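**Q** What follows is my_file_8.txt; its format and atoms are compact mmCIF, C-alpha atoms.
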```txt
# COMPACT_ATOMS: atom_id res chain seq x y z
CA MET B 1 -15.77 70.26 15.23
CA THR B 2 -15.10 71.68 11.82
CA LEU B 3 -15.86 69.88 8.56
CA VAL B 4 -12.14 69.30 8.02
CA GLU B 5 -11.79 67.67 11.43
CA LEU B 6 -14.83 65.47 10.78
CA THR B 7 -13.40 64.42 7.40
CA ILE B 8 -10.02 63.53 8.93
CA ALA B 9 -11.70 61.58 11.74
CA PHE B 10 -13.82 59.69 9.17
CA LEU B 11 -10.75 58.84 7.08
CA LEU B 12 -8.79 57.62 10.10
CA THR B 13 -11.74 55.51 11.27
CA SER B 14 -12.09 54.00 7.77
CA ILE B 15 -8.40 53.13 7.65
CA LEU B 16 -8.60 51.45 11.07
CA CYS B 17 -11.71 49.48 10.04
CA ILE B 18 -10.08 48.30 6.81
CA ALA B 19 -6.94 47.25 8.68
CA ALA B 20 -9.00 45.36 11.27
CA MET B 21 -11.05 43.62 8.57
CA SER B 22 -7.89 42.66 6.68
CA ALA B 23 -6.28 41.23 9.82
CA THR B 24 -9.44 39.29 10.66
CA SER B 25 -9.62 37.93 7.12
CA GLU B 26 -6.01 36.73 7.30
CA LEU B 27 -6.65 35.06 10.65
CA VAL B 28 -9.70 33.26 9.26
CA LYS B 29 -7.75 32.25 6.15
CA ASP B 30 -4.84 30.93 8.23
CA SER B 31 -7.22 29.03 10.50
CA THR B 32 -9.03 27.48 7.53
CA SER B 33 -5.71 26.52 5.95
CA ALA B 34 -4.51 24.95 9.19
CA ASN B 35 -7.74 23.00 9.60
CA THR B 36 -7.52 21.79 5.99
CA ARG B 37 -3.92 20.70 6.50
CA ILE B 38 -4.86 18.78 9.65
CA ARG B 39 -7.68 17.05 7.77
CA LEU B 40 -5.44 16.21 4.80
CA ASN B 41 -2.73 14.87 7.12
CA SER B 42 -5.23 12.68 8.92
CA GLU B 43 -6.72 11.31 5.70
CA ALA B 44 -3.31 10.73 4.09
CA GLN B 45 -2.06 8.92 7.20
CA LEU B 46 -5.09 6.63 7.23
CA VAL B 47 -4.56 5.76 3.55
CA MET B 48 -0.84 5.23 4.08
CA ASP B 49 -1.46 2.95 7.07
CA ALA B 50 -3.91 0.85 5.05
CA ILE B 51 -1.76 0.32 1.97
CA THR B 52 1.39 -0.17 4.07
CA ARG B 53 -0.33 -2.98 5.96
CA GLN B 54 -1.45 -4.58 2.71
CA ILE B 55 1.94 -4.40 0.98
CA ARG B 56 3.79 -5.62 4.07
CA ALA B 57 1.56 -8.71 4.00
CA ALA B 58 2.47 -9.57 0.38
CA THR B 59 3.04 -13.30 0.28
CA TYR B 60 3.38 -16.50 -1.69
CA ALA B 61 0.31 -18.73 -1.45
CA ALA B 62 0.70 -21.60 0.97
CA ASN B 63 -1.42 -23.94 -1.18
CA GLY B 64 -0.86 -23.45 -4.88
CA TYR B 65 0.57 -20.32 -6.42
CA PRO B 66 -1.57 -17.48 -7.71
CA SER B 67 1.61 -15.78 -8.85
CA ALA B 68 5.19 -16.80 -9.38
CA GLU B 69 6.01 -13.92 -7.04
CA PRO B 70 4.00 -12.08 -4.36
CA VAL B 71 4.03 -8.99 -6.61
CA ALA B 72 2.48 -9.63 -10.01
CA TYR B 73 2.97 -6.17 -11.57
CA ALA B 74 4.90 -3.10 -10.49
CA SER B 75 5.12 0.36 -11.99
CA ALA B 76 5.35 3.95 -10.77
CA LYS B 77 1.56 4.30 -10.62
CA GLU B 78 0.31 0.74 -10.14
CA MET B 79 1.08 -2.30 -8.01
CA THR B 80 -0.66 -5.68 -8.15
CA PHE B 81 0.12 -8.19 -5.41
CA TYR B 82 -1.22 -11.02 -3.27
CA ALA B 83 -1.45 -10.67 0.50
CA SER B 84 -2.51 -12.85 3.40
CA LEU B 85 -4.81 -10.68 5.47
CA LEU B 86 -6.94 -12.90 7.68
CA PRO B 87 -9.77 -13.29 8.16
CA ASN B 88 -10.89 -12.87 4.59
CA GLU B 89 -14.30 -13.83 3.30
CA LEU B 90 -13.63 -17.04 1.39
CA ASN B 91 -11.39 -20.03 1.98
CA HIS B 92 -8.66 -18.06 3.77
CA GLY B 93 -6.55 -17.78 0.62
CA PRO B 94 -4.44 -14.80 -0.36
CA VAL B 95 -6.36 -11.68 -1.35
CA LYS B 96 -5.42 -10.14 -4.68
CA PHE B 97 -4.87 -6.38 -4.49
CA ASP B 98 -4.38 -3.74 -7.15
CA LEU B 99 -3.45 -0.16 -6.22
CA THR B 100 -3.66 2.22 -9.18
CA LEU B 101 -3.24 5.97 -9.47
CA THR B 102 -5.82 6.96 -12.09
CA GLY B 103 -5.59 10.67 -12.75
CA SER B 104 -5.61 12.13 -9.25
CA HIS B 105 -7.49 9.20 -7.67
CA LEU B 106 -5.81 6.35 -5.82
CA VAL B 107 -8.08 3.34 -6.45
CA GLU B 108 -7.90 0.01 -4.66
CA THR B 109 -9.36 -3.13 -6.26
CA THR B 110 -9.56 -6.42 -4.35
CA TRP B 111 -10.41 -9.99 -5.35
CA GLN B 112 -11.23 -12.73 -2.86
CA PRO B 113 -10.07 -16.21 -3.96
CA ASN B 114 -12.63 -18.56 -5.43
CA PRO B 115 -13.58 -21.27 -2.93
CA GLY B 116 -12.13 -24.74 -3.37
CA THR B 117 -9.34 -23.73 -5.77
CA ALA B 118 -6.34 -24.11 -3.48
CA GLY B 119 -5.26 -27.54 -4.71
CA SER B 120 -4.43 -26.40 -8.23
CA GLY B 121 -3.51 -22.84 -7.39
CA TRP B 122 -5.84 -20.07 -6.32
CA THR B 123 -8.16 -18.55 -8.91
CA TYR B 124 -10.05 -15.28 -8.69
CA PRO B 125 -13.28 -13.85 -10.13
CA ALA B 126 -12.95 -11.65 -13.20
CA ALA B 127 -14.47 -8.62 -11.48
CA GLY B 128 -13.02 -7.19 -8.31
CA ILE B 129 -14.40 -4.71 -5.79
CA SER B 130 -13.05 -1.19 -6.27
CA GLN B 131 -12.99 1.79 -3.96
CA THR B 132 -11.29 5.17 -4.06
CA LEU B 133 -8.82 5.53 -1.20
CA ALA B 134 -7.68 9.09 -1.88
CA THR B 135 -8.43 11.98 -4.21
CA ASP B 136 -6.32 14.97 -5.24
CA VAL B 137 -3.17 12.84 -5.36
CA ASP B 138 -0.39 14.46 -7.37
CA SER B 139 0.05 12.61 -10.67
CA SER B 140 2.19 15.13 -12.52
CA GLY B 141 5.29 12.95 -12.42
CA SER B 142 7.16 15.17 -9.97
CA HIS B 143 6.12 12.77 -7.20
CA VAL B 144 6.41 9.05 -7.95
CA LEU B 145 3.83 7.06 -6.01
CA PHE B 146 5.67 3.70 -6.03
CA SER B 147 9.42 3.07 -6.22
CA TYR B 148 11.08 -0.32 -5.74
CA TYR B 149 14.32 -1.59 -4.24
CA ALA B 150 16.00 -4.87 -5.12
CA LYS B 151 17.19 -7.48 -2.66
CA GLY B 152 20.53 -6.50 -1.18
CA VAL B 153 20.06 -2.78 -1.86
CA ASP B 154 19.63 -0.73 1.32
CA PRO B 155 17.28 2.26 0.88
CA LEU B 156 19.10 4.09 3.68
CA THR B 157 22.59 3.84 2.23
CA ASN B 158 21.52 3.92 -1.43
CA PRO B 159 18.39 6.10 -1.55
CA GLY B 160 18.48 6.50 -5.33
CA GLY B 161 19.01 2.84 -6.17
CA TYR B 162 15.54 2.15 -7.50
CA LEU B 163 14.63 -0.68 -9.84
CA GLY B 164 13.44 0.18 -13.30
CA THR B 165 9.69 -0.12 -13.94
CA PRO B 166 7.38 -1.56 -15.08
CA MET B 167 8.08 -5.10 -13.92
CA VAL B 168 6.04 -8.28 -14.28
CA GLN B 169 6.06 -11.53 -12.33
CA SER B 170 8.52 -14.24 -13.30
CA LEU B 171 10.09 -17.23 -11.59
CA ALA B 172 13.54 -15.99 -12.46
CA GLN B 173 14.82 -13.17 -10.30
CA ALA B 174 16.10 -11.29 -13.32
CA PRO B 175 15.88 -7.71 -14.62
CA GLY B 176 12.25 -6.92 -15.38
CA GLY B 177 10.95 -9.52 -12.94
CA THR B 178 9.11 -8.61 -9.75
CA GLY B 179 11.07 -11.30 -7.90
CA LEU B 180 13.76 -8.67 -7.45
CA ILE B 181 11.54 -6.51 -5.26
CA ASP B 182 12.50 -6.42 -1.60
CA ALA B 183 11.08 -3.04 -0.55
CA VAL B 184 8.56 -0.51 -1.83
CA VAL B 185 8.82 3.24 -1.30
CA ILE B 186 5.42 4.96 -1.18
CA ASP B 187 5.30 8.72 -1.73
CA LEU B 188 1.72 9.91 -1.28
CA TRP B 189 1.44 13.61 -2.12
CA VAL B 190 -2.06 15.07 -1.65
CA ASP B 191 -2.36 18.43 -3.40
CA PRO B 192 -6.00 19.58 -3.66
CA ASN B 193 -5.11 23.03 -5.02
CA GLY B 194 -2.61 21.81 -7.59
CA ALA B 195 0.85 23.09 -8.49
CA GLY B 196 2.12 22.69 -4.94
CA LYS B 197 -0.12 25.42 -3.54
CA SER B 198 -0.76 25.36 0.20
CA PRO B 199 -2.21 23.43 1.86
CA SER B 200 -0.73 20.19 0.57
CA VAL B 201 0.67 17.22 2.48
CA GLU B 202 3.15 14.44 1.79
CA GLU B 203 3.38 11.04 3.45
CA THR B 204 6.41 8.88 2.62
CA THR B 205 7.38 5.46 3.91
CA THR B 206 9.46 2.43 2.94
CA VAL B 207 7.80 -0.99 3.22
CA HIS B 208 9.87 -4.18 3.29
CA LEU B 209 8.19 -7.35 2.02
CA ILE B 210 9.02 -9.18 5.23
CA ASN B 211 6.09 -11.59 4.94
CA ALA B 212 7.35 -12.81 1.56
CA ASP B 213 10.68 -13.77 3.15
CA PHE B 214 8.89 -16.21 5.45
CA THR B 215 6.61 -17.70 2.80
CA ASN B 216 9.05 -18.03 -0.12
CA PRO B 217 8.84 -21.63 -1.41
CA LEU B 218 11.35 -20.97 -4.17
CA PRO B 219 15.15 -20.80 -4.07
CA SER B 220 16.38 -17.23 -3.88
```
Hey, can you dump this file as structure tokens for me?

**A**
Amino acid sequence: MTLVELTIAFLLTSILCIAAMSATSELVKDSTSANTRIRLNSEAQLVMDAITRQIRAATYAANGYPSAEPVAYASAKEMTFYASLLPNELNHGPVKFDLTLTGSHLVETTWQPNPGTAGSGWTYPAAGISQTLATDVDSSGSHVLFSYYAKGVDPLTNPGGYLGTPMVQSLAQAPGGTGLIDAVVIDLWVDPNGAGKSPSVEETTTVHLINADFTNPLPS
């Protein structure tokens, strides 16, 4: 073989090797991205299942009232409510929950009721127990974590009919009061790379406060 032929063969072999390496790199990248997406989907689903169960259990207290309404505070990034999730540790009273999006972290804080306080209304310790449920949650404002629907407003037929926030508890079911809340829309967008870059996942669900309907001691 001449030097020219050897040079051409070397160049062709180099091109084939580069192409093979590039294809392999893309396959590895796609596989890693797919595995990351599966992991994110699994984690987001577990978080969504947990907070959906808690919010669905929002309730009035059977003995004394920790809150005029099952939901004490409601905003786009925070929700404070009372829920009957048995068995709990103390006295079987309603557990106080707070779900807050702080930066990109979804943090859950819980308070068990103080023992022996049911007769005059449940009371709770000053300090709760906090844990981070999810990280890398989008908090840019393009995805609203919590949205709220009023009684009599169907999320299916009126998907944009959200209540204004924030809202605080009040006996009167009036504008600004959490007594209006009938359903909560949760939009959990996990975006570890930021700016919508792949892989990112979104879990969305609508939770009706069905338990509150059965435990409401007040006229609607």

**Q** Could you check how far CA of Leu101 in chain B sits from CA of Leu40 in chain B, in Å to one decimal?

**A**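 Computed distance, CA of Leu101 in chain B to CA of Leu40 in chain B, equals 17.7 Å.
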
**Q** Nearest to Ala74 in chain B: which of B:Val184, B:Leu209, B:Ser42, B:Ser200 is it, counting only C-alpha atoms?

**A**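 Comparing B:Val184, B:Leu209, B:Ser42, B:Ser200 against Ala74 in chain B, the winner is B:Val184.
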
**Q** Measuring between only C-alpha atoms, which one of B:Ile129, B:Val107, B:Ala183, B:Val168 shows the shortest distance to Ala72 in chain B?

**A** B:Val168

**Q** Determine, counting only C-alpha atoms, which protein, DNA and RNA residues have an atom within 9 Å of an atom of Tyr82 in chain B; residues of the same chain fewer than 2 positions away are not included. Present the result as number ranges by chain.

**A** B: 54-55, 57-61, 66-67, 69-72, 80, 84, 94-98

**Q** Let me make sure I understand: among B:Pro192, B:Gly164, B:Pro113, B:Gly152, which one has the smallest atom-to-atom distance to Gly128 in chain B if we use only C-alpha atoms?

**A** B:Pro113

**Q** Using only C-alpha atoms, can you tell me which of B:Arg56, B:Leu163, B:Gln169, B:Asp154 comes closest to Phe214 in chain B?

**A**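 Once distances to Phe214 in chain B are computed over only C-alpha atoms, the minimum belongs to B:Arg56.
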